[in-house]
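Novice: Contents of structure_13.pdb (PDB, C-alpha atoms) are below:
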```
ATOM      1  CA  MET A  53     123.068  86.435 126.808
ATOM      2  CA  ASN A  54     121.214  89.735 127.007
ATOM      3  CA  ARG A  55     117.528  88.855 126.733
ATOM      4  CA  ASN A  56     114.753  91.346 126.427
ATOM      5  CA  ARG A  57     112.252  91.236 129.237
ATOM      6  CA  LEU A  58     109.087  89.582 127.962
ATOM      7  CA  VAL A  59     105.797  91.192 128.880
ATOM      8  CA  SER A  60     102.199  90.168 128.300
ATOM      9  CA  ARG A  61      99.916  92.540 126.452
ATOM     10  CA  THR A  62      96.416  92.110 125.098
ATOM     11  CA  PHE A  63      95.392  93.346 121.650
ATOM     12  CA  ARG A  64      92.181  93.137 119.696
ATOM     13  CA  VAL A  65      92.467  92.116 116.058
ATOM     14  CA  PRO A  66      89.866  91.370 113.405
ATOM     15  CA  GLN A  67      88.904  87.707 113.416
ATOM     16  CA  GLU A  68      90.044  87.185 109.815
ATOM     17  CA  PHE A  69      93.536  88.389 110.791
ATOM     18  CA  LEU A  70      93.656  85.896 113.636
ATOM     19  CA  LYS A  71      92.616  83.113 111.256
ATOM     20  CA  GLY A  72      95.372  84.181 108.875
ATOM     21  CA  LEU A  73      97.931  84.285 111.679
ATOM     22  CA  ASP A  74      96.847  80.838 112.889
ATOM     23  CA  ALA A  75      97.154  79.410 109.376
ATOM     24  CA  GLU A  76     100.567  80.983 108.713
ATOM     25  CA  ALA A  77     101.913  79.930 112.118
ATOM     26  CA  LYS A  78     100.798  76.367 111.420
ATOM     27  CA  ASN A  79     102.329  76.529 107.921
ATOM     28  CA  ARG A  80     105.669  77.686 109.388
ATOM     29  CA  ASP A  81     105.413  75.250 112.302
ATOM     30  CA  VAL A  82     105.752  78.023 114.893
ATOM     31  CA  SER A  83     103.436  79.459 117.520
ATOM     32  CA  VAL A  84     101.306  82.511 116.787
ATOM     33  CA  ASN A  85     103.348  84.320 119.462
ATOM     34  CA  THR A  86     106.586  83.512 117.607
ATOM     35  CA  LEU A  87     105.066  84.591 114.288
ATOM     36  CA  LEU A  88     103.898  87.909 115.763
ATOM     37  CA  ASN A  89     107.375  88.533 117.196
ATOM     38  CA  LEU A  90     108.876  87.857 113.747
ATOM     39  CA  ILE A  91     106.395  90.272 112.163
ATOM     40  CA  LEU A  92     107.063  92.976 114.768
ATOM     41  CA  THR A  93     110.828  92.539 114.465
ATOM     42  CA  LYS A  94     110.672  92.942 110.688
ATOM     43  CA  TYR A  95     108.444  95.988 110.991
ATOM     44  CA  LEU A  96     110.575  97.748 113.596
ATOM     45  CA  THR A  97     113.960  96.934 112.003
ATOM     46  CA  PHE A  98     113.089  97.220 108.306
ATOM     47  CA  ASP A  99     109.565  98.166 107.238
ATOM     48  CA  LEU A 100     109.434 101.311 109.382
ATOM     49  CA  PHE A 101     112.574 102.618 107.636
ATOM     50  CA  GLY A 102     111.050 101.660 104.287
ATOM     51  CA  GLU A 103     107.882 103.601 105.030
ATOM     52  CA  LYS A 104     109.905 106.722 105.828
ATOM     53  CA  ALA A 105     111.939 106.280 102.629
ATOM     54  CA  ASN A 106     108.756 105.767 100.575
ATOM     55  CA  SER A 107     110.040 102.377  99.439
ATOM     56  CA  VAL A 108     108.289 100.490  96.660
ATOM     57  CA  THR A 109     107.768  96.741  96.670
ATOM     58  CA  MET A 110     107.884  94.916  93.343
ATOM     59  CA  ALA A 111     108.199  91.404  92.010
ATOM     60  CA  GLU A 112     111.709  90.223  91.126
ATOM     61  CA  ALA A 113     110.616  89.790  87.496
ATOM     62  CA  THR A 114     109.584  93.464  87.375
ATOM     63  CA  LEU A 115     112.923  94.582  88.809
ATOM     64  CA  LEU A 116     114.831  92.378  86.349
ATOM     65  CA  ALA A 117     112.829  93.829  83.434
ATOM     66  CA  ILE A 118     113.962  97.311  84.485
ATOM     67  CA  ILE A 119     117.562  96.217  85.053
ATOM     68  CA  ASP A 120     117.706  94.580  81.602
ATOM     69  CA  ARG A 121     116.974  97.902  79.918
ATOM     70  CA  LEU A 122     119.795  99.807  81.611
ATOM     71  CA  THR A 123     123.547  99.594  81.168
ATOM     72  CA  SER A 124     125.882  98.633  83.995
ATOM     73  CA  GLU A 125     127.082 102.242  84.099
ATOM     74  CA  GLN A 126     123.510 103.549  84.398
ATOM     75  CA  MET A 127     122.825 101.071  87.200
ATOM     76  CA  GLU A 128     125.914 102.218  89.124
ATOM     77  CA  GLN A 129     124.941 105.876  88.597
ATOM     78  CA  ALA A 130     121.422 105.143  89.891
ATOM     79  CA  GLY A 131     122.934 103.407  92.931
ATOM     80  CA  ASN A 132     125.170 106.418  93.559
ATOM     81  CA  ILE A 133     122.231 108.816  93.418
ATOM     82  CA  ALA A 134     120.039 106.741  95.735
ATOM     83  CA  GLY A 135     122.852 105.827  98.113
ATOM     84  CA  SER A 136     123.933 109.429  98.522
ATOM     85  CA  LYS A 137     120.482 110.433  99.787
ATOM     86  CA  VAL A 138     118.571 107.604 101.414
ATOM     87  CA  LEU A 139     120.732 106.301 104.258
ATOM     88  CA  SER A 140     121.948 109.674 105.511
ATOM     89  CA  SER A 141     118.342 110.939 105.531
ATOM     90  CA  LEU A 142     117.123 107.908 107.476
ATOM     91  CA  PHE A 143     119.964 108.150 109.991
ATOM     92  CA  THR A 144     119.072 111.803 110.562
ATOM     93  CA  LEU A 145     115.335 111.080 110.804
ATOM     94  CA  PHE A 146     115.806 108.244 113.314
ATOM     95  CA  ASN A 147     118.639 110.020 115.178
ATOM     96  CA  ILE A 148     121.132 107.215 114.516
ATOM     97  CA  LYS A 149     124.751 108.152 115.179
ATOM     98  CA  PRO A 150     126.845 107.465 112.052
ATOM     99  CA  SER A 151     129.367 104.680 112.582
ATOM    100  CA  LEU A 152     130.441 101.469 110.901
ATOM    101  CA  ASN A 153     128.583  99.580 113.624
ATOM    102  CA  SER A 154     125.349 101.496 112.975
ATOM    103  CA  ILE A 155     125.612 100.909 109.228
ATOM    104  CA  ILE A 156     126.039  97.165 109.863
ATOM    105  CA  LYS A 157     123.320  96.973 112.539
ATOM    106  CA  ASP A 158     120.749  99.382 111.104
ATOM    107  CA  PHE A 159     121.313  99.020 107.342
ATOM    108  CA  ILE A 160     123.306  96.004 106.137
ATOM    109  CA  ARG A 161     121.781  93.354 108.455
ATOM    110  CA  PRO A 162     118.119  94.369 107.990
ATOM    111  CA  MET A 163     118.598  94.775 104.226
ATOM    112  CA  SER A 164     120.262  91.367 104.092
ATOM    113  CA  LYS A 165     117.478  89.718 106.035
ATOM    114  CA  TYR A 166     114.394  91.391 104.587
ATOM    115  CA  SER A 167     114.949  93.319 101.342
ATOM    116  CA  GLY A 168     115.855  90.664  98.806
ATOM    117  CA  TRP A 169     118.643  92.957  97.580
ATOM    118  CA  PHE A 170     121.462  90.748  98.881
ATOM    119  CA  SER A 171     122.590  88.479 101.673
ATOM    120  CA  ALA A 172     125.500  89.745 103.742
ATOM    121  CA  LYS A 173     128.266  88.422 105.921
ATOM    122  CA  TYR A 174     130.377  90.768 108.026
ATOM    123  CA  TYR A 175     133.948  89.932 109.060
ATOM    124  CA  GLU A 176     134.649  92.254 111.985
ATOM    125  CA  GLU A 177     138.415  91.704 112.288
ATOM    126  CA  GLU A 178     138.940  92.584 108.619
ATOM    127  CA  GLN A 179     136.187  95.214 108.524
ATOM    128  CA  LYS A 180     134.969  93.408 105.447
ATOM    129  CA  ILE A 181     131.413  92.900 104.225
ATOM    130  CA  ILE A 182     130.652  90.306 101.581
ATOM    131  CA  LEU A 183     127.346  90.692  99.782
ATOM    132  CA  HIS A 184     125.800  87.984  97.620
ATOM    133  CA  HIS A 185     122.795  88.056  95.313
ATOM    134  CA  THR A 186     121.431  86.284  92.243
ATOM    135  CA  LEU A 187     120.256  89.293  90.204
ATOM    136  CA  GLY A 188     123.208  89.607  87.820
ATOM    137  CA  ILE A 189     126.158  91.879  87.163
ATOM    138  CA  LYS A 190     124.067  95.002  86.573
ATOM    139  CA  TRP A 191     122.541  94.632  90.032
ATOM    140  CA  SER A 192     126.084  94.259  91.392
ATOM    141  CA  ASN A 193     126.879  97.624  89.815
ATOM    142  CA  PHE A 194     123.794  99.186  91.402
ATOM    143  CA  ILE A 195     124.748  97.796  94.812
ATOM    144  CA  LYS A 196     128.332  99.006  94.352
ATOM    145  CA  GLY A 197     127.087 102.519  93.653
ATOM    146  CA  HIS A 198     124.517 102.460  96.448
ATOM    147  CA  ILE A 199     126.778 101.055  99.159
ATOM    148  CA  GLY A 200     129.699 103.251  98.141
ATOM    149  CA  ALA A 201     127.591 106.412  98.147
ATOM    150  CA  SER A 202     125.963 105.405 101.454
ATOM    151  CA  PHE A 203     129.352 105.032 103.120
ATOM    152  CA  ARG A 204     130.558 108.310 101.633
ATOM    153  CA  SER A 205     127.455 110.239 102.726
ATOM    154  CA  VAL A 206     127.155 108.730 106.227
ATOM    155  CA  LEU A 207     130.760 108.017 107.263
ATOM    156  CA  LYS A 208     132.637 110.363 104.907
ATOM    157  CA  ILE A 209     134.876 107.485 103.780
ATOM    158  CA  ASP A 210     135.357 105.898 100.381
ATOM    159  CA  PRO A 211     135.101 102.118 100.801
ATOM    160  CA  LYS A 212     137.019  99.690  98.620
ATOM    161  CA  ILE A 213     134.388  97.751  96.655
ATOM    162  CA  GLU A 214     135.091  94.814  94.398
ATOM    163  CA  ILE A 215     132.653  92.952  92.178
ATOM    164  CA  THR A 216     133.356  89.272  91.579
TER     165      THR A 216
END
```
Have the structure of the file written as structure tokens, please.
Specialist:
Amino acid sequence: MNRNRLVSRTFRVPQEFLKGLDAEAKNRDVSVNTLLNLILTKYLTFDLFGEKANSVTMAEATLLAIIDRLTSEQMEQAGNIAGSKVLSSLFTLFNIKPSLNSIIKDFIRPMSKYSGWFSAKYYEEEQKIILHHTLGIKWSNFIKGHIGASFRSVLKIDPKIEIT
């Protein structure tokens, strides 16, 4: 197993942050060190990309209220527009070489883990990605448009996408 070398480093944080970290670590039944590593991992693999893409955080109920007012076709069109711009821009900005592996590692896995958009399972032998979510058929259409356009803009391939 390839383990990262662990190093000790000292940081100063406001006391109220430390109290919050202590409380959350206790709530999750992990050490503060483990909690900080989780926070740093999320920031470096997801939030940093989101900051560069000017992402917006909203409650699920807010997102569903927007989705309810659009047709499935409009949702897929919106996904196509966003997908054709966002991922290729981020790959360029962060100097990530376009490949299926980089899309899985730098896009699908972090989105699956942190975004709330979907959960994902990748089957390497079949080069198949299965996404699952609970936001309804219109969200499926958005994801179809977004993922399809992302693959077309980054890899110059047209993936086969099915909604079930």
Novice: Could you tell me which of A:Val206, A:Ile215, A:Ala77, A:Ile199 comes closest to A:Ala130 if we count all atoms listed in the file?
Specialist: A:Ile199
Novice: In Å, rounded to a single decimal, give me how far atom CA of A:Phe98 is from atom CA of A:Pro162.
Specialist: 5.8 Å
Novice: The PyMOL selection byres ((chain A and resi 94) around 12) on the file shown: which residues, as a ChimeraX atom specification?
Specialist: /A:87-93,95-102,158,161-167
Novice: Mind checking which residues fall within 10 Å of A:Thr216, counting all atoms listed in the file, ignoring those fewer than 3 positions away in the same chain, and posting them as number ranges by chain?
Specialist: A: 184, 189, 192, 213
Novice: For the selection just defined, write its residues with C-alpha atoms to a file, as a PDB file, in the frame of the given file.
Specialist:
```
ATOM      1  CA  HIS A 184     125.800  87.984  97.620  1.00  0.00           C
ATOM      2  CA  ILE A 189     126.158  91.879  87.163  1.00  0.00           C
ATOM      3  CA  SER A 192     126.084  94.259  91.392  1.00  0.00           C
ATOM      4  CA  ILE A 213     134.388  97.751  96.655  1.00  0.00           C
TER       5      ILE A 213
END
```
Novice: Determine the nearest neighbour of A:Thr186 from the options A:Ile133, A:Val108, A:Ala201, A:Leu116, counting all atoms listed in the file.
Specialist: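 Closest to A:Thr186, using all atoms listed in the file: A:Leu116.
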Novice: For a test of reading the model, state the distance in Å between atom CA of A:Leu70 and atom CA of A:Thr86, rounded to one decimal.
Specialist: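 Distance reported for this atom pair: 13.7 Å.
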Novice: Starting from the PyMOL selection byres ((chain A and resi 152) around 12), expand the selection into actual residues of this file and give them as a list in words.
Specialist: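 After applying the PyMOL selection byres ((chain A and resi 152) around 12), what remains is Ile148, Lys149, Pro150, Ser151, Asn153, Ser154, Ile155, Ile156, Lys157, Asp158, Phe159, Ile160, Tyr174, Glu176, Gln179, Lys180, Ile181, Ser202, Phe203, Arg204, Val206, Leu207, Lys208, Ile209 and Pro211 of chain A.
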Novice: Measure the distance from atom CA of A:Thr123 to atom CA of A:Leu142 in Å and round it to one decimal.
Specialist: 28.3 Å
Novice: Have a look at A:Lys137, A:Lys196, A:Arg80, A:Lys190 and name the one nearest to A:Arg121; count all atoms listed in the file.
Specialist: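 Looking at the shortest contact to A:Arg121, the residue is A:Lys190.
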Novice: Please write as an MDAnalysis selection string the full residue list that the PyMOL selection byres ((chain A and resi 115) around 12) yields on this file.
Specialist: chainID A and resid 108:114 116:122 127 168:169 187:188 190:191
Novice: Provide an axis-aligned box for all listed atoms of stretch 70-76 of chain A, padding each side by 6 Å; report its centre and its edge lengths in Å to one decimal, as lines of an AutoDock Vina configuration file.
Specialist:
```
center_x = 96.6
center_y = 82.7
center_z = 111.2
size_x = 20.0
size_y = 18.5
size_z = 16.9
```
Novice: Ranking A:Val65, A:Gln129, A:Glu76, A:Gly135 by minimum distance to A:His198 and counting only C-alpha atoms, which one comes first?
Specialist: A:Gly135
Novice: My structure is short of atoms at stretch 62-83 of chain A; please model N, CA, C and O atoms there, returning them as a short mmCIF file (atom, residue, chain, number, x, y, z; two decimals), in the coordinates of the input.
Specialist:
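This is the output file selection-v3.cif:
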```
data_model
loop_
_atom_site.label_atom_id
_atom_site.label_comp_id
_atom_site.auth_asym_id
_atom_site.auth_seq_id
_atom_site.Cartn_x
_atom_site.Cartn_y
_atom_site.Cartn_z
N THR A 62 97.61 92.57 125.81
CA THR A 62 96.42 92.11 125.10
C THR A 62 96.08 93.08 123.98
O THR A 62 96.09 94.31 124.19
N PHE A 63 95.79 92.54 122.80
CA PHE A 63 95.39 93.35 121.65
C PHE A 63 94.13 92.76 121.05
O PHE A 63 93.90 91.55 121.11
N ARG A 64 93.34 93.61 120.44
CA ARG A 64 92.18 93.14 119.70
C ARG A 64 92.52 93.22 118.22
O ARG A 64 93.04 94.23 117.75
N VAL A 65 92.23 92.16 117.50
CA VAL A 65 92.47 92.12 116.06
C VAL A 65 91.22 91.56 115.38
O VAL A 65 90.47 90.78 115.98
N PRO A 66 91.00 91.95 114.13
CA PRO A 66 89.87 91.37 113.40
C PRO A 66 90.00 89.84 113.32
O PRO A 66 91.12 89.32 113.19
N GLN A 67 88.90 89.16 113.39
CA GLN A 67 88.90 87.71 113.42
C GLN A 67 89.60 87.12 112.19
O GLN A 67 90.34 86.14 112.30
N GLU A 68 89.41 87.73 111.02
CA GLU A 68 90.04 87.18 109.82
C GLU A 68 91.57 87.27 109.89
O GLU A 68 92.28 86.44 109.34
N PHE A 69 92.09 88.30 110.59
CA PHE A 69 93.54 88.39 110.79
C PHE A 69 94.03 87.25 111.67
O PHE A 69 95.07 86.66 111.42
N LEU A 70 93.28 86.98 112.73
CA LEU A 70 93.66 85.90 113.64
C LEU A 70 93.64 84.56 112.91
O LEU A 70 94.55 83.74 113.09
N LYS A 71 92.65 84.35 112.05
CA LYS A 71 92.62 83.11 111.26
C LYS A 71 93.84 83.03 110.35
O LYS A 71 94.46 81.98 110.21
N GLY A 72 94.20 84.16 109.73
CA GLY A 72 95.37 84.18 108.88
C GLY A 72 96.65 83.92 109.65
O GLY A 72 97.54 83.20 109.18
N LEU A 73 96.76 84.51 110.84
CA LEU A 73 97.93 84.28 111.68
C LEU A 73 98.01 82.83 112.11
O LEU A 73 99.09 82.23 112.08
N ASP A 74 96.88 82.25 112.50
CA ASP A 74 96.85 80.84 112.89
C ASP A 74 97.31 79.95 111.74
O ASP A 74 98.14 79.05 111.93
N ALA A 75 96.80 80.22 110.54
CA ALA A 75 97.15 79.41 109.38
C ALA A 75 98.64 79.54 109.03
O ALA A 75 99.31 78.55 108.75
N GLU A 76 99.16 80.78 109.05
CA GLU A 76 100.57 80.98 108.71
C GLU A 76 101.49 80.39 109.77
O GLU A 76 102.53 79.82 109.45
N ALA A 77 101.11 80.53 111.05
CA ALA A 77 101.91 79.93 112.12
C ALA A 77 101.96 78.41 111.95
O ALA A 77 103.04 77.81 112.08
N LYS A 78 100.84 77.82 111.64
CA LYS A 78 100.80 76.37 111.42
C LYS A 78 101.65 75.99 110.21
O LYS A 78 102.41 75.03 110.24
N ASN A 79 101.55 76.78 109.14
CA ASN A 79 102.33 76.53 107.92
C ASN A 79 103.83 76.59 108.19
O ASN A 79 104.60 75.82 107.64
N ARG A 80 104.25 77.53 109.06
CA ARG A 80 105.67 77.69 109.39
C ARG A 80 106.11 76.80 110.55
O ARG A 80 107.28 76.79 110.91
N ASP A 81 105.15 76.12 111.15
CA ASP A 81 105.41 75.25 112.30
C ASP A 81 106.00 76.04 113.47
O ASP A 81 107.00 75.64 114.08
N VAL A 82 105.39 77.20 113.75
CA VAL A 82 105.75 78.02 114.89
C VAL A 82 104.47 78.43 115.61
O VAL A 82 103.37 78.32 115.06
N SER A 83 104.60 78.96 116.80
CA SER A 83 103.44 79.46 117.52
C SER A 83 103.01 80.81 116.95
O SER A 83 103.81 81.51 116.30
#
```
